[in-house]
file final.pdb (PDB, N, CA and C atoms)
ATOM      1  N   MET S 168     111.974  89.652-107.540
ATOM      2  CA  MET S 168     111.151  88.525-107.197
ATOM      3  C   MET S 168     110.122  88.970-106.162
ATOM      4  N   THR S 169     108.876  88.691-106.440
ATOM      5  CA  THR S 169     107.802  89.032-105.538
ATOM      6  C   THR S 169     107.330  87.791-104.801
ATOM      7  N   ILE S 170     107.209  87.920-103.504
ATOM      8  CA  ILE S 170     106.702  86.812-102.700
ATOM      9  C   ILE S 170     105.218  87.045-102.468
ATOM     10  N   VAL S 171     104.424  86.062-102.845
ATOM     11  CA  VAL S 171     102.981  86.166-102.700
ATOM     12  C   VAL S 171     102.530  85.217-101.597
ATOM     13  N   ARG S 172     101.677  85.686-100.744
ATOM     14  CA  ARG S 172     101.176  84.856 -99.662
ATOM     15  C   ARG S 172      99.663  84.853 -99.701
ATOM     16  N   TYR S 173      99.100  83.667 -99.551
ATOM     17  CA  TYR S 173      97.656  83.514 -99.529
ATOM     18  C   TYR S 173      97.238  82.976 -98.174
ATOM     19  N   ARG S 174      96.084  83.351 -97.750
ATOM     20  CA  ARG S 174      95.540  82.863 -96.488
ATOM     21  C   ARG S 174      94.164  82.263 -96.776
ATOM     22  N   TYR S 175      93.974  81.026 -96.299
ATOM     23  CA  TYR S 175      92.721  80.322 -96.523
ATOM     24  C   TYR S 175      92.102  79.952 -95.185
ATOM     25  N   ARG S 176      90.824  79.877 -95.160
ATOM     26  CA  ARG S 176      90.110  79.435 -93.973
ATOM     27  C   ARG S 176      89.104  78.385 -94.412
ATOM     28  N   ALA S 177      89.033  77.295 -93.659
ATOM     29  CA  ALA S 177      88.119  76.200 -94.001
ATOM     30  C   ALA S 177      87.040  76.094 -92.931
ATOM     31  N   TYR S 178      85.855  75.797 -93.370
ATOM     32  CA  TYR S 178      84.727  75.581 -92.477
ATOM     33  C   TYR S 178      84.141  74.198 -92.760
ATOM     34  N   PRO S 179      84.777  73.158 -92.226
ATOM     35  CA  PRO S 179      84.306  71.803 -92.511
ATOM     36  C   PRO S 179      82.992  71.496 -91.793
ATOM     37  N   GLY S 180      82.214  70.618 -92.416
ATOM     38  CA  GLY S 180      80.975  70.168 -91.802
ATOM     39  C   GLY S 180      81.263  69.136 -90.722
ATOM     40  N   PRO S 181      80.240  68.687 -90.008
ATOM     41  CA  PRO S 181      80.447  67.729 -88.913
ATOM     42  C   PRO S 181      81.118  66.428 -89.361
ATOM     43  N   GLY S 182      80.725  65.887 -90.492
ATOM     44  CA  GLY S 182      81.346  64.663 -90.993
ATOM     45  C   GLY S 182      82.795  64.883 -91.386
ATOM     46  N   GLN S 183      83.067  66.041 -91.965
ATOM     47  CA  GLN S 183      84.433  66.364 -92.362
ATOM     48  C   GLN S 183      85.318  66.597 -91.149
ATOM     49  N   VAL S 184      84.770  67.183 -90.093
ATOM     50  CA  VAL S 184      85.534  67.390 -88.859
ATOM     51  C   VAL S 184      85.955  66.045 -88.299
ATOM     52  N   GLN S 185      85.030  65.086 -88.289
ATOM     53  CA  GLN S 185      85.336  63.754 -87.774
ATOM     54  C   GLN S 185      86.397  63.067 -88.642
ATOM     55  N   ALA S 186      86.282  63.168 -89.954
ATOM     56  CA  ALA S 186      87.260  62.548 -90.850
ATOM     57  C   ALA S 186      88.640  63.197 -90.703
ATOM     58  N   LEU S 187      88.680  64.507 -90.572
ATOM     59  CA  LEU S 187      89.957  65.205 -90.383
ATOM     60  C   LEU S 187      90.590  64.823 -89.051
ATOM     61  N   ALA S 188      89.787  64.737 -88.007
ATOM     62  CA  ALA S 188      90.316  64.354 -86.695
ATOM     63  C   ALA S 188      90.888  62.942 -86.744
ATOM     64  N   ARG S 189      90.212  62.033 -87.442
ATOM     65  CA  ARG S 189      90.706  60.665 -87.556
ATOM     66  C   ARG S 189      92.015  60.633 -88.340
ATOM     67  N   ALA S 190      92.076  61.361 -89.445
ATOM     68  CA  ALA S 190      93.285  61.370 -90.277
ATOM     69  C   ALA S 190      94.474  61.957 -89.524
ATOM     70  N   PHE S 191      94.267  63.090 -88.848
ATOM     71  CA  PHE S 191      95.368  63.713 -88.115
ATOM     72  C   PHE S 191      95.758  62.893 -86.899
ATOM     73  N   GLY S 192      94.793  62.226 -86.268
ATOM     74  CA  GLY S 192      95.104  61.356 -85.145
ATOM     75  C   GLY S 192      95.959  60.176 -85.574
ATOM     76  N   CYS S 193      95.619  59.570 -86.720
ATOM     77  CA  CYS S 193      96.410  58.456 -87.254
ATOM     78  C   CYS S 193      97.828  58.917 -87.581
ATOM     79  N   ALA S 194      97.935  60.073 -88.215
ATOM     80  CA  ALA S 194      99.249  60.599 -88.578
ATOM     81  C   ALA S 194     100.093  60.860 -87.334
ATOM     82  N   ARG S 195      99.469  61.381 -86.277
ATOM     83  CA  ARG S 195     100.197  61.661 -85.041
ATOM     84  C   ARG S 195     100.714  60.380 -84.399
ATOM     85  N   VAL S 196      99.884  59.334 -84.376
ATOM     86  CA  VAL S 196     100.289  58.065 -83.768
ATOM     87  C   VAL S 196     101.434  57.443 -84.553
ATOM     88  N   VAL S 197     101.333  57.449 -85.871
ATOM     89  CA  VAL S 197     102.388  56.860 -86.707
ATOM     90  C   VAL S 197     103.675  57.666 -86.574
ATOM     91  N   PHE S 198     103.577  58.995 -86.529
ATOM     92  CA  PHE S 198     104.759  59.832 -86.365
ATOM     93  C   PHE S 198     105.443  59.539 -85.037
ATOM     94  N   ASN S 199     104.654  59.446 -83.974
ATOM     95  CA  ASN S 199     105.230  59.165 -82.654
ATOM     96  C   ASN S 199     105.887  57.791 -82.624
ATOM     97  N   ASP S 200     105.275  56.794 -83.267
ATOM     98  CA  ASP S 200     105.878  55.461 -83.338
ATOM     99  C   ASP S 200     107.201  55.501 -84.099
ATOM    100  N   ALA S 201     107.231  56.247 -85.199
ATOM    101  CA  ALA S 201     108.453  56.356 -85.992
ATOM    102  C   ALA S 201     109.552  57.067 -85.210
ATOM    103  N   LEU S 202     109.186  58.104 -84.499
ATOM    104  CA  LEU S 202     110.158  58.826 -83.684
ATOM    105  C   LEU S 202     110.720  57.927 -82.586
ATOM    106  N   ARG S 203     109.853  57.154 -81.958
ATOM    107  CA  ARG S 203     110.290  56.218 -80.920
ATOM    108  C   ARG S 203     111.229  55.166 -81.500
ATOM    109  N   ALA S 204     110.915  54.653 -82.697
ATOM    110  CA  ALA S 204     111.772  53.646 -83.336
ATOM    111  C   ALA S 204     113.142  54.224 -83.659
ATOM    112  N   ARG S 205     113.170  55.456 -84.146
ATOM    113  CA  ARG S 205     114.463  56.092 -84.446
ATOM    114  C   ARG S 205     115.274  56.323 -83.175
ATOM    115  N   ASP S 206     114.614  56.771 -82.108
ATOM    116  CA  ASP S 206     115.318  56.995 -80.841
ATOM    117  C   ASP S 206     115.880  55.691 -80.282
ATOM    118  N   GLU S 207     115.095  54.619 -80.330
ATOM    119  CA  GLU S 207     115.563  53.326 -79.830
ATOM    120  C   GLU S 207     116.734  52.807 -80.655
ATOM    121  N   ALA S 208     116.667  52.985 -81.974
ATOM    122  CA  ALA S 208     117.763  52.548 -82.835
ATOM    123  C   ALA S 208     119.017  53.373 -82.557
ATOM    124  N   TYR S 209     118.854  54.669 -82.366
ATOM    125  CA  TYR S 209     119.994  55.530 -82.085
ATOM    126  C   TYR S 209     120.639  55.145 -80.754
ATOM    127  N   ALA S 210     119.808  54.843 -79.753
ATOM    128  CA  ALA S 210     120.328  54.437 -78.446
ATOM    129  C   ALA S 210     121.085  53.112 -78.540
ATOM    130  N   ALA S 211     120.687  52.259 -79.485
ATOM    131  CA  ALA S 211     121.355  50.975 -79.682
ATOM    132  C   ALA S 211     122.584  51.111 -80.583
ATOM    133  N   GLY S 212     122.871  52.325 -81.050
ATOM    134  CA  GLY S 212     124.029  52.557 -81.904
ATOM    135  C   GLY S 212     123.780  52.236 -83.362
ATOM    136  N   GLU S 213     122.537  52.219 -83.765
ATOM    137  CA  GLU S 213     122.165  51.865 -85.138
ATOM    138  C   GLU S 213     121.548  53.079 -85.821
ATOM    139  N   ARG S 214     121.856  53.262 -87.087
ATOM    140  CA  ARG S 214     121.222  54.325 -87.871
ATOM    141  C   ARG S 214     120.234  53.678 -88.821
ATOM    142  N   ILE S 215     118.999  54.139 -88.801
ATOM    143  CA  ILE S 215     118.003  53.578 -89.707
ATOM    144  C   ILE S 215     117.488  54.678 -90.621
ATOM    145  N   GLY S 216     117.215  54.311 -91.840
ATOM    146  CA  GLY S 216     116.711  55.257 -92.827
ATOM    147  C   GLY S 216     115.196  55.254 -92.881
ATOM    148  N   ASP S 217     114.660  56.044 -93.784
ATOM    149  CA  ASP S 217     113.216  56.165 -93.921
ATOM    150  C   ASP S 217     112.553  54.851 -94.318
ATOM    151  N   THR S 218     113.203  54.101 -95.186
ATOM    152  CA  THR S 218     112.642  52.827 -95.624
ATOM    153  C   THR S 218     112.565  51.845 -94.464
ATOM    154  N   ASP S 219     113.598  51.813 -93.640
ATOM    155  CA  ASP S 219     113.596  50.927 -92.473
ATOM    156  C   ASP S 219     112.526  51.344 -91.466
ATOM    157  N   VAL S 220     112.350  52.642 -91.291
ATOM    158  CA  VAL S 220     111.312  53.123 -90.379
ATOM    159  C   VAL S 220     109.947  52.687 -90.888
ATOM    160  N   GLN S 221     109.726  52.864 -92.180
ATOM    161  CA  GLN S 221     108.445  52.463 -92.748
ATOM    162  C   GLN S 221     108.232  50.968 -92.579
ATOM    163  N   ARG S 222     109.261  50.198 -92.810
ATOM    164  CA  ARG S 222     109.163  48.749 -92.682
ATOM    165  C   ARG S 222     108.866  48.352 -91.242
ATOM    166  N   ARG S 223     109.517  49.009 -90.306
ATOM    167  CA  ARG S 223     109.363  48.641 -88.898
ATOM    168  C   ARG S 223     108.064  49.155 -88.291
ATOM    169  N   VAL S 224     107.698  50.369 -88.606
ATOM    170  CA  VAL S 224     106.582  51.017 -87.915
ATOM    171  C   VAL S 224     105.261  50.863 -88.657
ATOM    172  N   VAL S 225     105.221  51.323 -89.895
ATOM    173  CA  VAL S 225     103.960  51.356 -90.618
ATOM    174  C   VAL S 225     103.470  49.954 -90.941
ATOM    175  N   THR S 226     104.348  49.117 -91.464
ATOM    176  CA  THR S 226     103.947  47.767 -91.818
ATOM    177  C   THR S 226     103.538  46.987 -90.578
ATOM    178  N   LEU S 227     104.290  47.126 -89.498
ATOM    179  CA  LEU S 227     103.958  46.434 -88.257
ATOM    180  C   LEU S 227     102.637  46.941 -87.684
ATOM    181  N   ALA S 228     102.385  48.243 -87.768
ATOM    182  CA  ALA S 228     101.134  48.806 -87.254
ATOM    183  C   ALA S 228      99.934  48.266 -88.015
ATOM    184  N   LYS S 229     100.088  48.067 -89.318
ATOM    185  CA  LYS S 229      98.980  47.536 -90.112
ATOM    186  C   LYS S 229      98.668  46.094 -89.761
ATOM    187  N   GLN S 230      99.644  45.363 -89.246
ATOM    188  CA  GLN S 230      99.453  43.958 -88.915
ATOM    189  C   GLN S 230      99.032  43.752 -87.469
ATOM    190  N   THR S 231      99.063  44.784 -86.661
ATOM    191  CA  THR S 231      98.702  44.689 -85.253
ATOM    192  C   THR S 231      97.186  44.821 -85.107
ATOM    193  N   PRO S 232      96.529  43.890 -84.391
ATOM    194  CA  PRO S 232      95.071  43.963 -84.238
ATOM    195  C   PRO S 232      94.595  45.255 -83.570
ATOM    196  N   GLY S 233      95.364  45.792 -82.643
ATOM    197  CA  GLY S 233      94.978  47.027 -81.967
ATOM    198  C   GLY S 233      95.057  48.264 -82.841
ATOM    199  N   ARG S 234      95.708  48.147 -83.966
ATOM    200  CA  ARG S 234      95.844  49.274 -84.893
ATOM    201  C   ARG S 234      95.152  48.971 -86.228
ATOM    202  N   ALA S 235      93.989  48.374 -86.160
ATOM    203  CA  ALA S 235      93.241  48.024 -87.373
ATOM    204  C   ALA S 235      92.859  49.271 -88.175
ATOM    205  N   TRP S 236      92.762  50.406 -87.506
ATOM    206  CA  TRP S 236      92.409  51.649 -88.178
ATOM    207  C   TRP S 236      93.500  52.118 -89.134
ATOM    208  N   ALA S 237      94.720  51.597 -89.019
ATOM    209  CA  ALA S 237      95.836  52.035 -89.861
ATOM    210  C   ALA S 237      95.773  51.419 -91.252
ATOM    211  N   ARG S 238      94.916  50.492 -91.460
ATOM    212  CA  ARG S 238      94.839  49.818 -92.772
ATOM    213  C   ARG S 238      94.273  50.686 -93.799
TER     214      ARG S 238
END
call {"tool": "encode", "arguments": {"input": "final.pdb", "output": "structure tokens"}}
result
Amino acid sequence: MTIVRYRYRAYPGPGQVQALARAFGCARVVFNDALRARDEAYAAGERIGDTDVQRRVVTLAKQTPGRAWAR
């Protein structure tokens, strides 16, 4: 079995840099919210699955006026 590795480099334009920064920023905020929700549930003695995290974090973020960018 041969393992093949490829290396790519991207040179995004100014508009693409802004779009990538927005996308990664949104992902970071949602990830941190999900991690916080899991930690709080664990501290309360509750185990929550991925579906519950999505229901609690992502759906709630979309309904929050301060997180209008998540829509």
call {"tool": "atom_distance", "arguments": {"input": "final.pdb", "atom1": "atom N of Glu207 in chain S", "atom2": "atom N of Gly233 in chain S"}}
result
21.7 Å
call {"tool": "atom_distance", "arguments": {"input": "final.pdb", "atom1": "atom C of Ala211 in chain S", "atom2": "CA of Leu227 in chain S"}}
result
20.7 Å
call {"tool": "axis_aligned_box", "arguments": {"input": "final.pdb", "around": "range 223-230 of chain S", "padding_each_side": "6 Å", "output": "lines of an AutoDock Vina configuration file"}}
result
center_x = 104.1
center_y = 47.6
center_z = -89.5
size_x = 22.8
size_y = 19.6
size_z = 16.6
call {"tool": "resolve_selection", "arguments": {"input": "final.pdb", "expression": "the PyMOL selection byres ((chain S and resi 192-202) around 8)", "output": "short mmCIF file (atom, residue, chain, number, x, y, z; two decimals) with N, CA and C atoms, in the coordinates of the input"}}
result
data_model
loop_
_atom_site.label_atom_id
_atom_site.label_comp_id
_atom_site.auth_asym_id
_atom_site.auth_seq_id
_atom_site.Cartn_x
_atom_site.Cartn_y
_atom_site.Cartn_z
N ALA S 186 86.28 63.17 -89.95
CA ALA S 186 87.26 62.55 -90.85
C ALA S 186 88.64 63.20 -90.70
N LEU S 187 88.68 64.51 -90.57
CA LEU S 187 89.96 65.20 -90.38
C LEU S 187 90.59 64.82 -89.05
N ALA S 188 89.79 64.74 -88.01
CA ALA S 188 90.32 64.35 -86.70
C ALA S 188 90.89 62.94 -86.74
N ARG S 189 90.21 62.03 -87.44
CA ARG S 189 90.71 60.66 -87.56
C ARG S 189 92.02 60.63 -88.34
N ALA S 190 92.08 61.36 -89.44
CA ALA S 190 93.28 61.37 -90.28
C ALA S 190 94.47 61.96 -89.52
N PHE S 191 94.27 63.09 -88.85
CA PHE S 191 95.37 63.71 -88.12
C PHE S 191 95.76 62.89 -86.90
N ARG S 203 109.85 57.15 -81.96
CA ARG S 203 110.29 56.22 -80.92
C ARG S 203 111.23 55.17 -81.50
N ALA S 204 110.92 54.65 -82.70
CA ALA S 204 111.77 53.65 -83.34
C ALA S 204 113.14 54.22 -83.66
N ARG S 205 113.17 55.46 -84.15
CA ARG S 205 114.46 56.09 -84.45
C ARG S 205 115.27 56.32 -83.18
N ASP S 206 114.61 56.77 -82.11
CA ASP S 206 115.32 57.00 -80.84
C ASP S 206 115.88 55.69 -80.28
N GLU S 207 115.10 54.62 -80.33
CA GLU S 207 115.56 53.33 -79.83
C GLU S 207 116.73 52.81 -80.66
N ALA S 208 116.67 52.98 -81.97
CA ALA S 208 117.76 52.55 -82.84
C ALA S 208 119.02 53.37 -82.56
N VAL S 220 112.35 52.64 -91.29
CA VAL S 220 111.31 53.12 -90.38
C VAL S 220 109.95 52.69 -90.89
N GLN S 221 109.73 52.86 -92.18
CA GLN S 221 108.44 52.46 -92.75
C GLN S 221 108.23 50.97 -92.58
N ARG S 223 109.52 49.01 -90.31
CA ARG S 223 109.36 48.64 -88.90
C ARG S 223 108.06 49.16 -88.29
N VAL S 224 107.70 50.37 -88.61
CA VAL S 224 106.58 51.02 -87.92
C VAL S 224 105.26 50.86 -88.66
N VAL S 225 105.22 51.32 -89.90
CA VAL S 225 103.96 51.36 -90.62
C VAL S 225 103.47 49.95 -90.94
N TRP S 236 92.76 50.41 -87.51
CA TRP S 236 92.41 51.65 -88.18
C TRP S 236 93.50 52.12 -89.13
N ALA S 237 94.72 51.60 -89.02
CA ALA S 237 95.84 52.04 -89.86
C ALA S 237 95.77 51.42 -91.25
#
call {"tool": "atom_distance", "arguments": {"input": "final.pdb", "atom1": "CA of Thr218 in chain S", "atom2": "atom C of Pro232 in chain S"}}
result
23.0 Å
call {"tool": "select_by_dssp", "arguments": {"input": "final.pdb", "residues": "chain S", "states": "alpha helix (DSSP H)", "output": "PyMOL selection string"}}
result
chain S and resi 181-210+217-220+226-230
call {"tool": "build_atoms", "arguments": {"input": "final.pdb", "residues": "range 174-197 of chain S", "atoms": "N, CA, C and O atoms", "output": "PDB file, in the coordinates of the input"}}
result
ATOM      1  N   ARG S 174      96.084  83.351 -97.750  1.00  0.00           N
ATOM      2  CA  ARG S 174      95.540  82.863 -96.488  1.00  0.00           C
ATOM      3  C   ARG S 174      94.164  82.263 -96.776  1.00  0.00           C
ATOM      4  O   ARG S 174      93.320  82.893 -97.401  1.00  0.00           O
ATOM      5  N   TYR S 175      93.974  81.026 -96.299  1.00  0.00           N
ATOM      6  CA  TYR S 175      92.721  80.322 -96.523  1.00  0.00           C
ATOM      7  C   TYR S 175      92.102  79.952 -95.185  1.00  0.00           C
ATOM      8  O   TYR S 175      92.801  79.699 -94.221  1.00  0.00           O
ATOM      9  N   ARG S 176      90.824  79.877 -95.160  1.00  0.00           N
ATOM     10  CA  ARG S 176      90.110  79.435 -93.973  1.00  0.00           C
ATOM     11  C   ARG S 176      89.104  78.385 -94.412  1.00  0.00           C
ATOM     12  O   ARG S 176      88.414  78.558 -95.407  1.00  0.00           O
ATOM     13  N   ALA S 177      89.033  77.295 -93.659  1.00  0.00           N
ATOM     14  CA  ALA S 177      88.119  76.200 -94.001  1.00  0.00           C
ATOM     15  C   ALA S 177      87.040  76.094 -92.931  1.00  0.00           C
ATOM     16  O   ALA S 177      87.301  76.279 -91.743  1.00  0.00           O
ATOM     17  N   TYR S 178      85.855  75.797 -93.370  1.00  0.00           N
ATOM     18  CA  TYR S 178      84.727  75.581 -92.477  1.00  0.00           C
ATOM     19  C   TYR S 178      84.141  74.198 -92.760  1.00  0.00           C
ATOM     20  O   TYR S 178      83.141  74.064 -93.459  1.00  0.00           O
ATOM     21  N   PRO S 179      84.777  73.158 -92.226  1.00  0.00           N
ATOM     22  CA  PRO S 179      84.306  71.803 -92.511  1.00  0.00           C
ATOM     23  C   PRO S 179      82.992  71.496 -91.793  1.00  0.00           C
ATOM     24  O   PRO S 179      82.706  72.046 -90.727  1.00  0.00           O
ATOM     25  N   GLY S 180      82.214  70.618 -92.416  1.00  0.00           N
ATOM     26  CA  GLY S 180      80.975  70.168 -91.802  1.00  0.00           C
ATOM     27  C   GLY S 180      81.263  69.136 -90.722  1.00  0.00           C
ATOM     28  O   GLY S 180      82.416  68.724 -90.525  1.00  0.00           O
ATOM     29  N   PRO S 181      80.240  68.687 -90.008  1.00  0.00           N
ATOM     30  CA  PRO S 181      80.447  67.729 -88.913  1.00  0.00           C
ATOM     31  C   PRO S 181      81.118  66.428 -89.361  1.00  0.00           C
ATOM     32  O   PRO S 181      82.011  65.923 -88.674  1.00  0.00           O
ATOM     33  N   GLY S 182      80.725  65.887 -90.492  1.00  0.00           N
ATOM     34  CA  GLY S 182      81.346  64.663 -90.993  1.00  0.00           C
ATOM     35  C   GLY S 182      82.795  64.883 -91.386  1.00  0.00           C
ATOM     36  O   GLY S 182      83.658  64.020 -91.160  1.00  0.00           O
ATOM     37  N   GLN S 183      83.067  66.041 -91.965  1.00  0.00           N
ATOM     38  CA  GLN S 183      84.433  66.364 -92.362  1.00  0.00           C
ATOM     39  C   GLN S 183      85.318  66.597 -91.149  1.00  0.00           C
ATOM     40  O   GLN S 183      86.493  66.226 -91.147  1.00  0.00           O
ATOM     41  N   VAL S 184      84.770  67.183 -90.093  1.00  0.00           N
ATOM     42  CA  VAL S 184      85.534  67.390 -88.859  1.00  0.00           C
ATOM     43  C   VAL S 184      85.955  66.045 -88.299  1.00  0.00           C
ATOM     44  O   VAL S 184      87.104  65.851 -87.887  1.00  0.00           O
ATOM     45  N   GLN S 185      85.030  65.086 -88.289  1.00  0.00           N
ATOM     46  CA  GLN S 185      85.336  63.754 -87.774  1.00  0.00           C
ATOM     47  C   GLN S 185      86.397  63.067 -88.642  1.00  0.00           C
ATOM     48  O   GLN S 185      87.329  62.457 -88.118  1.00  0.00           O
ATOM     49  N   ALA S 186      86.282  63.168 -89.954  1.00  0.00           N
ATOM     50  CA  ALA S 186      87.260  62.548 -90.850  1.00  0.00           C
ATOM     51  C   ALA S 186      88.640  63.197 -90.703  1.00  0.00           C
ATOM     52  O   ALA S 186      89.661  62.501 -90.693  1.00  0.00           O
ATOM     53  N   LEU S 187      88.680  64.507 -90.572  1.00  0.00           N
ATOM     54  CA  LEU S 187      89.957  65.205 -90.383  1.00  0.00           C
ATOM     55  C   LEU S 187      90.590  64.823 -89.051  1.00  0.00           C
ATOM     56  O   LEU S 187      91.803  64.599 -88.977  1.00  0.00           O
ATOM     57  N   ALA S 188      89.787  64.737 -88.007  1.00  0.00           N
ATOM     58  CA  ALA S 188      90.316  64.354 -86.695  1.00  0.00           C
ATOM     59  C   ALA S 188      90.888  62.942 -86.744  1.00  0.00           C
ATOM     60  O   ALA S 188      91.950  62.669 -86.182  1.00  0.00           O
ATOM     61  N   ARG S 189      90.212  62.033 -87.442  1.00  0.00           N
ATOM     62  CA  ARG S 189      90.706  60.665 -87.556  1.00  0.00           C
ATOM     63  C   ARG S 189      92.015  60.633 -88.340  1.00  0.00           C
ATOM     64  O   ARG S 189      92.975  59.975 -87.934  1.00  0.00           O
ATOM     65  N   ALA S 190      92.076  61.361 -89.445  1.00  0.00           N
ATOM     66  CA  ALA S 190      93.285  61.370 -90.277  1.00  0.00           C
ATOM     67  C   ALA S 190      94.474  61.957 -89.524  1.00  0.00           C
ATOM     68  O   ALA S 190      95.580  61.393 -89.536  1.00  0.00           O
ATOM     69  N   PHE S 191      94.267  63.090 -88.848  1.00  0.00           N
ATOM     70  CA  PHE S 191      95.368  63.713 -88.115  1.00  0.00           C
ATOM     71  C   PHE S 191      95.758  62.893 -86.899  1.00  0.00           C
ATOM     72  O   PHE S 191      96.925  62.839 -86.517  1.00  0.00           O
ATOM     73  N   GLY S 192      94.793  62.226 -86.268  1.00  0.00           N
ATOM     74  CA  GLY S 192      95.104  61.356 -85.145  1.00  0.00           C
ATOM     75  C   GLY S 192      95.959  60.176 -85.574  1.00  0.00           C
ATOM     76  O   GLY S 192      96.933  59.816 -84.906  1.00  0.00           O
ATOM     77  N   CYS S 193      95.619  59.570 -86.720  1.00  0.00           N
ATOM     78  CA  CYS S 193      96.410  58.456 -87.254  1.00  0.00           C
ATOM     79  C   CYS S 193      97.828  58.917 -87.581  1.00  0.00           C
ATOM     80  O   CYS S 193      98.800  58.228 -87.266  1.00  0.00           O
ATOM     81  N   ALA S 194      97.935  60.073 -88.215  1.00  0.00           N
ATOM     82  CA  ALA S 194      99.249  60.599 -88.578  1.00  0.00           C
ATOM     83  C   ALA S 194     100.093  60.860 -87.334  1.00  0.00           C
ATOM     84  O   ALA S 194     101.290  60.565 -87.313  1.00  0.00           O
ATOM     85  N   ARG S 195      99.469  61.381 -86.277  1.00  0.00           N
ATOM     86  CA  ARG S 195     100.197  61.661 -85.041  1.00  0.00           C
ATOM     87  C   ARG S 195     100.714  60.380 -84.399  1.00  0.00           C
ATOM     88  O   ARG S 195     101.867  60.310 -83.960  1.00  0.00           O
ATOM     89  N   VAL S 196      99.884  59.334 -84.376  1.00  0.00           N
ATOM     90  CA  VAL S 196     100.289  58.065 -83.768  1.00  0.00           C
ATOM     91  C   VAL S 196     101.434  57.443 -84.553  1.00  0.00           C
ATOM     92  O   VAL S 196     102.431  56.986 -83.983  1.00  0.00           O
ATOM     93  N   VAL S 197     101.333  57.449 -85.871  1.00  0.00           N
ATOM     94  CA  VAL S 197     102.388  56.860 -86.707  1.00  0.00           C
ATOM     95  C   VAL S 197     103.675  57.666 -86.574  1.00  0.00           C
ATOM     96  O   VAL S 197     104.768  57.099 -86.487  1.00  0.00           O
TER      97      VAL S 197
END
